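J.: My file is query_0.pdb. It has PDB, C-alpha atoms, pLDDT in the B column:
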ATOM      1  CA  MET A 293      -0.451  17.078 -24.606  1.00 74.00           C
ATOM      2  CA  ASP A 294      -2.955  15.829 -22.003  1.00 92.00           C
ATOM      3  CA  ARG A 295      -3.658  18.033 -19.005  1.00 94.00           C
ATOM      4  CA  MET A 296      -5.607  17.718 -15.753  1.00 95.00           C
ATOM      5  CA  GLU A 297      -6.320  20.119 -12.895  1.00 97.00           C
ATOM      6  CA  THR A 298      -6.983  18.639  -9.448  1.00 96.00           C
ATOM      7  CA  ILE A 299      -6.681  19.328  -5.730  1.00 96.00           C
ATOM      8  CA  CYS A 300      -4.274  17.175  -3.751  1.00 94.00           C
ATOM      9  CA  ILE A 301      -5.929  15.432  -0.795  1.00 92.00           C
ATOM     10  CA  MET A 302      -2.807  13.930   0.764  1.00 90.00           C
ATOM     11  CA  CYS A 303      -2.523  16.569   3.501  1.00 90.00           C
ATOM     12  CA  PRO A 304      -4.439  19.602   4.809  1.00 92.00           C
ATOM     13  CA  MET A 305      -2.585  21.980   2.427  1.00 92.00           C
ATOM     14  CA  GLY A 306      -4.923  21.117  -0.476  1.00 94.00           C
ATOM     15  CA  CYS A 307      -2.479  22.154  -3.193  1.00 96.00           C
ATOM     16  CA  SER A 308      -3.909  22.975  -6.619  1.00 97.00           C
ATOM     17  CA  LEU A 309      -2.141  20.618  -9.008  1.00 97.00           C
ATOM     18  CA  THR A 310      -1.674  20.790 -12.748  1.00 97.00           C
ATOM     19  CA  VAL A 311      -0.722  17.440 -14.218  1.00 97.00           C
ATOM     20  CA  GLU A 312       0.455  17.208 -17.809  1.00 96.00           C
ATOM     21  CA  SER A 313       1.651  14.396 -20.026  1.00 93.00           C
ATOM     22  CA  ASP A 314       3.336  14.568 -23.383  1.00 88.00           C
ATOM     23  CA  GLY A 315       2.721  10.864 -23.941  1.00 79.00           C
ATOM     24  CA  GLY A 316       5.758   9.539 -22.130  1.00 82.00           C
ATOM     25  CA  ASN A 317       6.534  11.894 -19.286  1.00 91.00           C
ATOM     26  CA  ILE A 318       4.185  13.127 -16.589  1.00 94.00           C
ATOM     27  CA  SER A 319       4.845  16.456 -14.896  1.00 95.00           C
ATOM     28  CA  VAL A 320       3.114  17.724 -11.774  1.00 97.00           C
ATOM     29  CA  LYS A 321       3.115  21.418 -10.881  1.00 97.00           C
ATOM     30  CA  GLY A 322       1.712  23.159  -7.806  1.00 97.00           C
ATOM     31  CA  ASN A 323       2.615  20.522  -5.230  1.00 96.00           C
ATOM     32  CA  THR A 324       4.547  21.596  -2.155  1.00 95.00           C
ATOM     33  CA  CYS A 325       5.714  18.097  -1.205  1.00 94.00           C
ATOM     34  CA  LEU A 326       6.583  14.745  -2.737  1.00 94.00           C
ATOM     35  CA  ARG A 327       3.235  13.258  -1.656  1.00 94.00           C
ATOM     36  CA  GLY A 328       1.485  15.769  -3.918  1.00 95.00           C
ATOM     37  CA  LYS A 329       3.646  14.767  -6.867  1.00 95.00           C
ATOM     38  CA  VAL A 330       2.896  11.078  -6.323  1.00 94.00           C
ATOM     39  CA  TYR A 331      -0.821  11.804  -5.822  1.00 94.00           C
ATOM     40  CA  GLY A 332      -0.981  13.845  -9.047  1.00 95.00           C
ATOM     41  CA  GLU A 333       0.787  11.153 -11.058  1.00 94.00           C
ATOM     42  CA  ASN A 334      -1.466   8.399  -9.681  1.00 93.00           C
ATOM     43  CA  GLU A 335      -4.642  10.439 -10.132  1.00 93.00           C
ATOM     44  CA  PHE A 336      -3.680  11.090 -13.755  1.00 94.00           C
ATOM     45  CA  THR A 337      -2.679   7.526 -14.680  1.00 92.00           C
ATOM     46  CA  SER A 338      -4.847   5.299 -12.470  1.00 92.00           C
ATOM     47  CA  PRO A 339      -7.180   7.011  -9.982  1.00 94.00           C
ATOM     48  CA  LYS A 340      -8.116   4.907  -6.957  1.00 93.00           C
ATOM     49  CA  ARG A 341     -10.468   5.382  -4.027  1.00 93.00           C
ATOM     50  CA  VAL A 342     -11.525   3.839  -0.729  1.00 95.00           C
ATOM     51  CA  VAL A 343     -15.151   2.727  -1.134  1.00 97.00           C
ATOM     52  CA  THR A 344     -17.641   3.160   1.733  1.00 97.00           C
ATOM     53  CA  SER A 345     -21.155   1.757   1.914  1.00 97.00           C
ATOM     54  CA  LEU A 346     -23.703  -0.063   4.091  1.00 96.00           C
ATOM     55  CA  VAL A 347     -24.461  -3.786   4.383  1.00 96.00           C
ATOM     56  CA  ARG A 348     -27.749  -5.024   5.787  1.00 94.00           C
ATOM     57  CA  LEU A 349     -27.954  -7.307   8.787  1.00 94.00           C
ATOM     58  CA  GLU A 350     -30.162 -10.344   8.174  1.00 91.00           C
ATOM     59  CA  ASP A 351     -32.520  -9.494  11.054  1.00 86.00           C
ATOM     60  CA  GLY A 352     -32.580  -5.693  10.669  1.00 86.00           C
ATOM     61  CA  GLY A 353     -30.088  -2.913  10.961  1.00 89.00           C
ATOM     62  CA  VAL A 354     -27.018  -2.075   8.943  1.00 93.00           C
ATOM     63  CA  VAL A 355     -23.270  -2.323   9.126  1.00 95.00           C
ATOM     64  CA  SER A 356     -21.173   0.493   7.699  1.00 96.00           C
ATOM     65  CA  VAL A 357     -18.302  -0.872   5.671  1.00 98.00           C
ATOM     66  CA  LYS A 358     -15.288   0.319   3.706  1.00 98.00           C
ATOM     67  CA  THR A 359     -12.567  -1.190   1.620  1.00 98.00           C
ATOM     68  CA  ASN A 360      -9.336  -1.674   3.533  1.00 97.00           C
ATOM     69  CA  GLY A 361      -7.345  -0.548   0.523  1.00 94.00           C
ATOM     70  CA  LEU A 362      -7.670   1.460  -2.646  1.00 93.00           C
ATOM     71  CA  ILE A 363      -9.955   0.327  -5.489  1.00 95.00           C
ATOM     72  CA  PRO A 364      -9.534   1.452  -9.104  1.00 95.00           C
ATOM     73  CA  LYS A 365     -12.077   4.229  -9.672  1.00 94.00           C
ATOM     74  CA  SER A 366     -13.436   2.343 -12.693  1.00 95.00           C
ATOM     75  CA  MET A 367     -14.516  -0.543 -10.403  1.00 97.00           C
ATOM     76  CA  ILE A 368     -16.487   1.480  -7.838  1.00 97.00           C
ATOM     77  CA  GLY A 369     -19.876   0.724  -9.416  1.00 97.00           C
ATOM     78  CA  ASP A 370     -19.155  -3.014  -9.577  1.00 98.00           C
ATOM     79  CA  ILE A 371     -17.965  -3.019  -5.961  1.00 97.00           C
ATOM     80  CA  LEU A 372     -21.103  -1.194  -4.785  1.00 98.00           C
ATOM     81  CA  ARG A 373     -23.359  -3.628  -6.679  1.00 97.00           C
ATOM     82  CA  THR A 374     -21.548  -6.535  -5.013  1.00 97.00           C
ATOM     83  CA  ILE A 375     -21.885  -4.963  -1.558  1.00 97.00           C
ATOM     84  CA  LYS A 376     -25.598  -4.246  -2.130  1.00 95.00           C
ATOM     85  CA  ASP A 377     -26.424  -7.958  -2.360  1.00 94.00           C
ATOM     86  CA  VAL A 378     -24.637  -8.969   0.860  1.00 96.00           C
ATOM     87  CA  ARG A 379     -26.504  -9.774   4.084  1.00 96.00           C
ATOM     88  CA  VAL A 380     -24.608 -10.596   7.278  1.00 95.00           C
ATOM     89  CA  LYS A 381     -25.503 -12.351  10.506  1.00 93.00           C
ATOM     90  CA  LYS A 382     -24.841 -10.962  13.963  1.00 88.00           C
ATOM     91  CA  PRO A 383     -22.578 -10.612  15.749  1.00 92.00           C
ATOM     92  CA  VAL A 384     -20.533  -8.213  13.640  1.00 94.00           C
ATOM     93  CA  HIS A 385     -17.621  -6.284  15.094  1.00 94.00           C
ATOM     94  CA  ILE A 386     -15.609  -3.358  13.824  1.00 95.00           C
ATOM     95  CA  GLY A 387     -12.794  -4.708  11.655  1.00 96.00           C
ATOM     96  CA  ASP A 388     -14.581  -7.946  10.700  1.00 97.00           C
ATOM     97  CA  ILE A 389     -14.059  -8.885   7.070  1.00 97.00           C
ATOM     98  CA  ILE A 390     -17.449  -8.758   5.347  1.00 97.00           C
ATOM     99  CA  ILE A 391     -16.212  -9.566   1.809  1.00 98.00           C
ATOM    100  CA  LYS A 392     -12.751 -11.068   1.357  1.00 98.00           C
ATOM    101  CA  ASP A 393     -10.837 -10.064  -1.792  1.00 98.00           C
ATOM    102  CA  VAL A 394     -13.805  -8.236  -3.327  1.00 98.00           C
ATOM    103  CA  LEU A 395     -13.927  -8.846  -7.087  1.00 97.00           C
ATOM    104  CA  ASN A 396     -10.385 -10.263  -7.014  1.00 97.00           C
ATOM    105  CA  THR A 397      -8.865  -6.873  -6.179  1.00 97.00           C
ATOM    106  CA  GLY A 398      -6.812  -8.110  -3.223  1.00 97.00           C
ATOM    107  CA  VAL A 399      -8.815  -5.679  -1.068  1.00 98.00           C
ATOM    108  CA  ASP A 400     -11.306  -6.677   1.636  1.00 98.00           C
ATOM    109  CA  VAL A 401     -14.552  -4.968   2.632  1.00 98.00           C
ATOM    110  CA  VAL A 402     -14.497  -4.545   6.422  1.00 98.00           C
ATOM    111  CA  ALA A 403     -17.019  -3.431   9.045  1.00 97.00           C
ATOM    112  CA  THR A 404     -16.534   0.063  10.441  1.00 96.00           C
ATOM    113  CA  SER A 405     -19.587   0.284  12.732  1.00 89.00           C
ATOM    114  CA  VAL A 406     -22.826  -1.564  13.480  1.00 78.00           C
ATOM    115  CA  ARG A 407     -26.283  -0.038  13.892  1.00 75.00           C
ATOM    116  CA  GLU A 408     -28.934  -2.504  15.025  1.00 67.00           C
ATOM    117  CA  GLN A 409     -32.670  -1.865  14.880  1.00 60.00           C
TER     118      GLN A 409
END
Represent the structure contained in this file as structure tokens.
T.:
Amino acid sequence: MDRMETICIMCPMGCSLTVESDGGNISVKGNTCLRGKVYGENEFTSPKRVVTSLVRLEDGGVVSVKTNGLIPKSMIGDILRTIKDVRVKKPVHIGDIIIKDVLNTGVDVVATSVREQ
């Protein structure tokens, strides 16, 4: 039997979850709502995250960016390496798509703020 302990981040309660699998069935214990059950199951089978980073402006400064959806945790390093090589031209506005469909995930990297030098 596989087992994992985690803290649910779906609401401020921060329930301590125990997720177990006997190979076919997944059980979640410790959650106080359905969101915790779903979170525990997803975290156990296929953890995903929103990725945040910075992109450089061509003439100085940076743009903070994030993915507008969840990325498989196993792809975070590849996504960050892709973002690292990007340079953008001004003007950049909050919500602008910086990288469309990053690494064929169906998720875009979007601007969240701009800091010029």
J.: Could you write out as a list in words the residues that the PyMOL selection byres ((chain A and resi 295) around 6) matches in the shown file?
T.: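 What the PyMOL selection byres ((chain A and resi 295) around 6) grabs from the file is Asp294, Met296, Val311 and Glu312 of chain A.
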J.: If the PyMOL selection byres ((chain A and resi 345-360) around 12) were run on this exact file, what residues would it hold? Put them as a ChimeraX atom specification.
T.: /A:340-344,361-364,368-369,371-395,397-409
J.: I'd like the residues picked by the PyMOL selection byres ((chain A and resi 299) around 10) written out as a list in words, using the chain letters and numbers from the file.
T.: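 In the shown coordinates, the PyMOL selection byres ((chain A and resi 299) around 10) covers Glu297, Thr298, Cys300, Ile301, Met302, Met305, Gly306, Cys307, Ser308, Leu309, Thr310, Gly322, Asn323, Gly328, Tyr331 and Gly332 of chain A.
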J.: Around stretch 340-348 of chain A, with edges along x, y and z and 3 Å added on all six sides, what centre and edge lengths do you get, in Å to one decimal, as JSON?
T.:
{"center_x": -17.9, "center_y": 0.2, "center_z": -0.6, "size_x": 25.6, "size_y": 16.4, "size_z": 18.7}
J.: Have a look at atom CA of A:Val320 and atom CA of A:Cys303 and let me know their distance in Å, one decimal.
T.: 16.3 Å
